[in-house]
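Novice: model_27.cif is reproduced in full below (mmCIF, C-alpha atoms).
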data_run
#
loop_
_atom_site.label_atom_id
_atom_site.label_comp_id
_atom_site.auth_asym_id
_atom_site.auth_seq_id
_atom_site.Cartn_x
_atom_site.Cartn_y
_atom_site.Cartn_z
CA MET A 1 157.57 61.15 -119.98
CA PHE A 2 160.51 60.99 -117.68
CA VAL A 3 162.48 57.84 -117.03
CA ASP A 4 164.17 57.49 -113.68
CA ILE A 5 167.60 56.05 -114.37
CA ALA A 6 168.94 54.42 -111.23
CA PRO A 7 172.66 53.82 -110.81
CA ASP A 8 173.81 50.39 -111.88
CA GLU A 9 174.39 48.67 -108.56
CA SER A 10 175.76 45.52 -110.21
CA HIS A 11 178.85 47.44 -111.27
CA ALA A 12 179.17 49.09 -107.89
CA ASP A 13 179.36 45.73 -106.15
CA SER A 14 181.66 44.09 -108.70
CA PRO A 15 185.18 43.33 -107.49
CA LYS A 16 187.75 45.86 -108.53
CA ALA A 17 191.01 44.94 -110.17
CA PRO A 18 193.92 45.06 -107.75
CA ALA A 19 195.79 48.34 -107.80
CA PRO A 20 199.33 48.23 -109.26
CA ALA A 21 200.74 49.31 -105.90
CA SER A 22 199.11 46.38 -104.07
CA LYS A 23 200.29 44.00 -106.78
CA TRP A 24 203.90 45.15 -106.37
CA GLN A 25 203.51 44.99 -102.61
CA GLY A 26 202.41 41.35 -102.89
CA ARG A 27 205.39 40.53 -105.09
CA LEU A 28 207.81 42.22 -102.72
CA THR A 29 206.29 40.31 -99.81
CA ARG A 30 206.70 36.98 -101.62
CA ALA A 31 210.31 37.86 -102.46
CA ALA A 32 211.10 39.10 -98.96
CA LEU A 33 209.81 36.05 -97.10
CA PRO A 34 212.51 33.64 -98.39
CA VAL A 35 215.21 36.25 -97.64
CA LEU A 36 213.80 36.74 -94.14
CA SER A 37 213.77 32.97 -93.52
CA LEU A 38 217.39 32.80 -94.70
CA ILE A 39 218.41 35.58 -92.30
CA VAL A 40 216.63 33.83 -89.42
CA PHE A 41 218.37 30.56 -90.33
CA PHE A 42 221.84 32.15 -90.18
CA ILE A 43 221.03 33.94 -86.92
CA VAL A 44 219.90 30.66 -85.30
CA TRP A 45 223.00 28.93 -86.70
CA GLN A 46 225.30 31.62 -85.30
CA ILE A 47 223.62 31.41 -81.88
CA ALA A 48 223.86 27.61 -81.85
CA ALA A 49 227.57 27.73 -82.74
CA ALA A 50 228.32 30.44 -80.18
CA SER A 51 226.39 28.72 -77.38
CA GLY A 52 229.16 26.19 -76.84
CA VAL A 53 226.67 23.35 -76.42
CA TRP A 54 228.16 21.57 -79.41
CA ASN A 55 231.78 21.14 -80.40
CA GLN A 56 232.96 23.15 -83.42
CA THR A 57 233.47 19.85 -85.24
CA PHE A 58 229.72 19.33 -85.16
CA VAL A 59 228.40 22.90 -85.45
CA PRO A 60 231.02 25.25 -86.94
CA TYR A 61 230.47 28.99 -87.20
CA PRO A 62 228.96 30.31 -90.46
CA SER A 63 232.20 32.29 -90.95
CA THR A 64 234.20 29.03 -90.74
CA VAL A 65 232.05 27.50 -93.49
CA TRP A 66 232.49 30.67 -95.57
CA HIS A 67 236.28 30.41 -95.28
CA ALA A 68 236.04 26.73 -96.28
CA PHE A 69 234.01 27.80 -99.31
CA ILE A 70 236.73 30.30 -100.28
CA ASP A 71 239.45 27.68 -99.81
CA VAL A 72 237.61 25.07 -101.90
CA SER A 73 236.88 27.62 -104.63
CA THR A 74 240.41 29.05 -105.00
CA THR A 75 244.09 28.15 -104.84
CA HIS A 76 245.64 28.85 -101.43
CA ASP A 77 249.20 28.18 -100.28
CA GLY A 78 249.84 26.08 -103.35
CA VAL A 79 246.74 23.91 -102.73
CA ARG A 80 244.17 23.99 -105.52
CA GLY A 81 240.63 23.73 -104.18
CA TYR A 82 239.87 20.35 -102.61
CA ALA A 83 241.72 17.22 -103.76
CA GLY A 84 243.19 19.22 -106.65
CA TYR A 85 239.85 20.44 -108.03
CA LEU A 86 238.00 23.72 -107.53
CA LEU A 87 234.42 23.74 -106.27
CA TRP A 88 232.97 24.55 -109.69
CA GLU A 89 234.85 21.59 -111.18
CA HIS A 90 233.39 19.27 -108.54
CA LEU A 91 229.93 20.73 -109.20
CA TYR A 92 230.35 20.46 -112.97
CA MET A 93 231.16 16.75 -112.79
CA THR A 94 228.21 16.10 -110.48
CA LEU A 95 225.81 18.03 -112.70
CA ARG A 96 227.11 16.19 -115.77
CA ARG A 97 226.43 12.84 -114.11
CA VAL A 98 223.03 13.96 -112.88
CA LEU A 99 222.10 15.29 -116.32
CA ALA A 100 223.08 12.04 -118.04
CA GLY A 101 221.24 9.92 -115.49
CA VAL A 102 218.13 12.12 -115.47
CA VAL A 103 217.89 12.24 -119.27
CA ILE A 104 218.11 8.45 -119.53
CA GLY A 105 215.75 7.84 -116.60
CA VAL A 106 213.18 10.46 -117.62
CA VAL A 107 213.06 9.45 -121.30
CA LEU A 108 212.62 5.78 -120.42
CA GLY A 109 210.19 6.63 -117.61
CA VAL A 110 207.96 8.85 -119.76
CA LEU A 111 207.87 6.33 -122.61
CA LEU A 112 207.14 3.55 -120.15
CA GLY A 113 204.42 5.65 -118.53
CA LEU A 114 202.74 6.30 -121.87
CA VAL A 115 202.65 2.57 -122.62
CA MET A 116 201.53 1.62 -119.11
CA GLY A 117 198.80 4.25 -119.12
CA SER A 118 197.51 3.19 -122.53
CA VAL A 119 197.70 -0.60 -122.18
CA SER A 120 196.17 -1.98 -118.99
CA TRP A 121 197.87 -5.39 -119.05
CA VAL A 122 201.30 -3.78 -119.39
CA ARG A 123 200.47 -1.62 -116.38
CA SER A 124 199.44 -4.69 -114.37
CA VAL A 125 202.74 -6.43 -115.20
CA LEU A 126 205.16 -3.54 -114.67
CA GLU A 127 203.58 -1.52 -111.86
CA PRO A 128 204.75 -3.87 -109.06
CA TRP A 129 208.31 -3.77 -110.41
CA LEU A 130 208.29 0.03 -110.48
CA THR A 131 206.99 0.11 -106.92
CA PHE A 132 209.71 -2.34 -105.89
CA LEU A 133 212.42 -0.21 -107.52
CA ARG A 134 211.03 3.01 -106.06
CA ALA A 135 211.08 1.53 -102.54
CA LEU A 136 214.75 0.53 -102.76
CA PRO A 137 217.30 2.97 -101.30
CA PRO A 138 220.13 3.69 -103.77
CA LEU A 139 222.80 2.08 -101.57
CA ALA A 140 220.85 -1.19 -101.66
CA TYR A 141 221.81 -1.83 -105.27
CA PHE A 142 224.73 0.51 -105.90
CA PHE A 143 227.28 -2.05 -104.71
CA LEU A 144 225.73 -4.55 -107.11
CA LEU A 145 226.12 -2.03 -109.95
CA VAL A 146 229.78 -1.58 -108.98
CA ILE A 147 230.30 -5.35 -109.19
CA TRP A 148 228.65 -5.48 -112.59
CA LEU A 149 229.89 -2.22 -114.16
CA GLY A 150 233.11 -1.30 -112.31
CA ILE A 151 233.92 1.95 -110.52
CA ASP A 152 234.01 4.38 -113.45
CA GLU A 153 231.10 6.46 -114.73
CA ALA A 154 228.78 3.62 -115.76
CA PRO A 155 227.51 2.62 -112.26
CA LYS A 156 227.06 6.27 -111.23
CA ILE A 157 224.96 7.20 -114.25
CA THR A 158 223.03 3.92 -114.06
CA LEU A 159 222.21 4.55 -110.40
CA LEU A 160 220.97 8.07 -111.12
CA ALA A 161 218.90 6.81 -114.07
CA LEU A 162 217.32 4.10 -111.91
CA ALA A 163 216.53 6.72 -109.26
CA ALA A 164 214.91 9.06 -111.83
CA LEU A 165 212.92 6.45 -113.77
CA PRO A 166 210.15 5.47 -111.29
CA PRO A 167 208.87 9.01 -110.49
CA ALA A 168 208.68 9.90 -114.19
CA ALA A 169 207.01 6.60 -115.09
CA VAL A 170 204.49 6.66 -112.23
CA ALA A 171 203.50 10.30 -112.81
CA THR A 172 203.09 9.81 -116.56
CA THR A 173 201.07 6.62 -116.07
CA ALA A 174 198.69 8.34 -113.65
CA ALA A 175 198.33 11.33 -116.00
CA VAL A 176 197.56 9.16 -119.04
CA VAL A 177 195.01 7.09 -117.12
CA ALA A 178 193.34 10.31 -115.89
CA ALA A 179 193.15 11.89 -119.37
CA PRO A 180 189.61 13.28 -119.99
CA VAL A 181 187.48 10.50 -121.43
CA GLY A 182 185.02 12.97 -122.95
CA LEU A 183 187.72 14.64 -125.02
CA GLN A 184 188.99 11.27 -126.21
CA GLU A 185 185.51 10.16 -127.27
CA ALA A 186 184.92 13.48 -129.01
CA ALA A 187 188.17 13.09 -130.94
CA ARG A 188 187.21 9.54 -131.97
CA ALA A 189 183.77 10.75 -133.05
CA LEU A 190 185.48 13.28 -135.32
CA GLY A 191 187.43 10.45 -136.96
CA ALA A 192 190.73 10.60 -135.09
CA SER A 193 192.76 7.40 -135.00
CA ARG A 194 194.11 5.90 -131.75
CA SER A 195 197.55 7.39 -132.33
CA GLU A 196 196.04 10.80 -133.10
CA VAL A 197 193.95 10.66 -129.90
CA ILE A 198 197.09 9.89 -127.90
CA ARG A 199 199.09 12.63 -129.64
CA ASP A 200 196.45 15.38 -129.63
CA VAL A 201 194.44 14.65 -126.49
CA VAL A 202 196.20 12.28 -124.09
CA VAL A 203 199.72 13.71 -124.28
CA PRO A 204 198.71 17.39 -123.85
CA SER A 205 196.47 16.56 -120.89
CA ALA A 206 199.24 14.42 -119.34
CA LEU A 207 202.02 16.98 -119.74
CA PRO A 208 201.39 18.93 -116.50
CA GLU A 209 201.55 15.80 -114.35
CA THR A 210 204.50 14.53 -116.39
CA PHE A 211 206.44 17.73 -115.64
CA THR A 212 205.72 17.18 -111.95
CA GLY A 213 207.16 13.67 -112.33
CA ILE A 214 210.24 15.07 -114.06
CA ARG A 215 210.83 17.49 -111.19
CA LEU A 216 210.48 14.62 -108.72
CA ALA A 217 212.87 12.55 -110.85
CA VAL A 218 215.49 15.30 -110.72
CA GLY A 219 215.05 15.49 -106.95
CA MET A 220 215.47 11.73 -106.58
CA ALA A 221 218.61 11.80 -108.71
CA TYR A 222 220.01 14.64 -106.62
CA SER A 223 219.26 12.81 -103.39
CA SER A 224 221.17 9.81 -104.77
CA VAL A 225 224.22 11.69 -106.02
CA VAL A 226 226.30 11.21 -102.85
CA ALA A 227 225.67 7.47 -103.02
CA ALA A 228 226.50 7.49 -106.74
CA GLU A 229 229.87 9.11 -106.04
CA LEU A 230 230.92 6.87 -103.17
CA PHE A 231 233.55 5.20 -105.36
CA ASN A 232 235.88 7.21 -107.57
CA GLY A 233 233.65 10.23 -107.04
CA ILE A 234 236.33 12.93 -107.14
CA PRO A 235 235.91 15.26 -108.90
CA GLY A 236 232.29 15.48 -107.77
CA ILE A 237 230.31 17.08 -104.95
CA GLY A 238 229.29 13.68 -103.59
CA GLY A 239 232.91 12.53 -103.59
CA LEU A 240 233.95 15.79 -101.92
CA VAL A 241 231.33 15.35 -99.16
CA LYS A 242 232.28 11.71 -98.59
CA ASP A 243 236.03 12.40 -98.48
CA ALA A 244 235.63 15.41 -96.18
CA SER A 245 233.38 13.39 -93.83
CA ASN A 246 236.14 10.77 -93.50
CA TYR A 247 238.30 13.47 -91.85
CA ASN A 248 235.46 15.11 -89.85
CA ASN A 249 235.88 18.20 -92.01
CA THR A 250 232.39 19.53 -91.28
CA PRO A 251 232.84 22.96 -92.97
CA VAL A 252 233.73 21.36 -96.31
CA VAL A 253 230.86 18.87 -95.91
CA LEU A 254 228.48 21.79 -95.40
CA VAL A 255 229.93 23.57 -98.43
CA GLY A 256 229.18 20.48 -100.51
CA ILE A 257 225.67 20.20 -99.08
CA PHE A 258 224.95 23.85 -99.83
CA ALA A 259 226.33 23.44 -103.37
CA ILE A 260 224.01 20.50 -104.02
CA GLY A 261 221.00 22.23 -102.48
CA ILE A 262 221.44 25.61 -104.17
CA SER A 263 222.12 24.10 -107.59
CA GLY A 264 219.04 21.90 -107.07
CA LEU A 265 216.93 25.00 -106.36
CA VAL A 266 218.23 26.67 -109.52
CA ILE A 267 217.49 23.60 -111.66
CA ASP A 268 213.99 23.27 -110.18
CA GLY A 269 213.36 26.94 -110.94
CA LEU A 270 214.45 26.40 -114.54
CA LEU A 271 212.15 23.38 -114.82
CA ARG A 272 209.26 25.48 -113.49
CA ALA A 273 209.97 28.16 -116.08
CA VAL A 274 210.09 25.56 -118.87
CA GLU A 275 206.84 24.06 -117.58
CA ARG A 276 205.06 27.43 -117.62
CA ARG A 277 206.06 27.94 -121.24
CA ALA A 278 205.50 24.36 -122.44
CA VAL A 279 202.22 23.79 -120.59
CA PRO A 280 200.34 27.13 -120.54
CA TRP A 281 197.04 25.25 -120.32
CA ARG A 282 197.84 23.71 -116.93
CA GLY A 283 194.69 23.66 -114.80
CA LYS A 284 192.48 24.69 -117.72
CA ILE A 285 191.43 21.27 -119.04
#
Would you write out, as structure tokens, the structure that this file holds?

Specialist:
Amino acid sequence: MFVDIAPDESHADSPKAPAPASKWQGRLTRAALPVLSLIVFFIVWQIAAASGVWNQTFVPYPSTVWHAFIDVSTTHDGVRGYAGYLLWEHLYMTLRRVLAGVVIGVVLGVLLGLVMGSVSWVRSVLEPWLTFLRALPPLAYFFLLVIWLGIDEAPKITLLALAALPPAAVATTAAVVAAPVGLQEAARALGASRSEVIRDVVVPSALPETFTGIRLAVGMAYSSVVAAELFNGIPGIGGLVKDASNYNNTPVVLVGIFAIGISGLVIDGLLRAVERRAVPWRGKI
């Protein structure tokens, strides 16, 4: 008796794993696209500056901004950086203020979000106040902070903390409220207490959204840093930008803007890396 063994068509039609070459090609493409966009940006900038449509005060050449970067970063003709501080010293002071404000705002925001997400009446009381604070531009209350706290570091850090708190609180609240009810009920059925349910079920499921809130909080703090350094902001990138704008020193203003933006990209990348390690289950529950 002979058995006709047909080829297994199910395996023939199954999707094949991507070849290593195509995988590397995809990675190179993803890496090349940002570089290409950067090259296009500088080409358009150079053309706009060379067109003569705008005065050099408004649109300086990229080379002019590069020379301003060198001047701010080094000591030239007896002048040390800008206002007596090098660029890295300005950036260090700004990052120190942002770090202090973000840590305070994020810690308070996450704790507040956990409480608001777990207790409905607390959420009903505090949610309008968070919305009110989130809608306020930083300059709307910074002058009030200066009146209350003076012009030293306290109003700057307080402003950055107030800017970082609402995104962290709102994201954490939404994540806690959206925690899987089935998993919570299963944990209770197995004898878990309320605190154990929050610790072992609610917090892990809320972490991905909480990390998104933390990234938004850092962005809000960064967008408020120039306002935070309006008074007594030197050394500091915000103080540098404000002082240079008073003298229409556009190249130095652009150097400060690039310093804030690039350091923000680096910090966001670090937060993404921490998130990937701390929340490997993202999208799996």

Novice: I'd like the contact shell of A:Ala100 - 12 Å cut-off, only C-alpha atoms, skipping same-chain residues fewer than 6 positions apart - returned as a JSON list (two decimals) with C-alpha atoms, in the frame of the given file.

Specialist:
[["chain", "number", "residue", "atom", "x", "y", "z"],
["A", 93, "MET", "CA", 231.16, 16.75, -112.79],
["A", 94, "THR", "CA", 228.21, 16.10, -110.48],
["A", 106, "VAL", "CA", 213.18, 10.46, -117.62],
["A", 107, "VAL", "CA", 213.06, 9.45, -121.30],
["A", 153, "GLU", "CA", 231.10, 6.46, -114.73],
["A", 154, "ALA", "CA", 228.78, 3.62, -115.76],
["A", 155, "PRO", "CA", 227.51, 2.62, -112.26],
["A", 156, "LYS", "CA", 227.06, 6.27, -111.23],
["A", 157, "ILE", "CA", 224.96, 7.20, -114.25],
["A", 158, "THR", "CA", 223.03, 3.92, -114.06],
["A", 159, "LEU", "CA", 222.21, 4.55, -110.40],
["A", 160, "LEU", "CA", 220.97, 8.07, -111.12],
["A", 161, "ALA", "CA", 218.90, 6.81, -114.07],
["A", 162, "LEU", "CA", 217.32, 4.10, -111.91],
["A", 164, "ALA", "CA", 214.91, 9.06, -111.83],
["A", 218, "VAL", "CA", 215.49, 15.30, -110.72],
["A", 221, "ALA", "CA", 218.61, 11.80, -108.71]]

Novice: Can you list what the PyMOL selection byres ((chain A and resi 234) around 9) grabs from this structure, as a PyMOL selection string?

Specialist: chain A and resi 83+85+90+93+229+231-233+235-240+243

Novice: Need to verify the contact set: A:Leu95, 10 Å, only C-alpha atoms, exclusion of same-chain residues closer than 3 positions in sequence. Can you return it as a ChimeraX atom specification?

Specialist: /A:89-92,98-101,222,225,236-237,260,263-264

Novice: Just checking: using only C-alpha atoms, which residue out of A:Leu207, A:Leu38, A:Ala186, A:Ala228 ends up closest to A:Ala140?

Specialist: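 Smallest separation from A:Ala140 among the options: A:Ala228.
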
Novice: Have a look at atom CA of A:Trp66 and atom CA of A:Leu270 and let me know their distance in Å, one decimal.

Specialist: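 So the answer is 26.5 Å.
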
Novice: Looking at all atoms listed in the file, which of A:Ser118, A:Ala278, A:Trp88, A:Phe211 is the one that sits closest to A:Ala259?

Specialist: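 The closest residue to A:Ala259 is A:Trp88.
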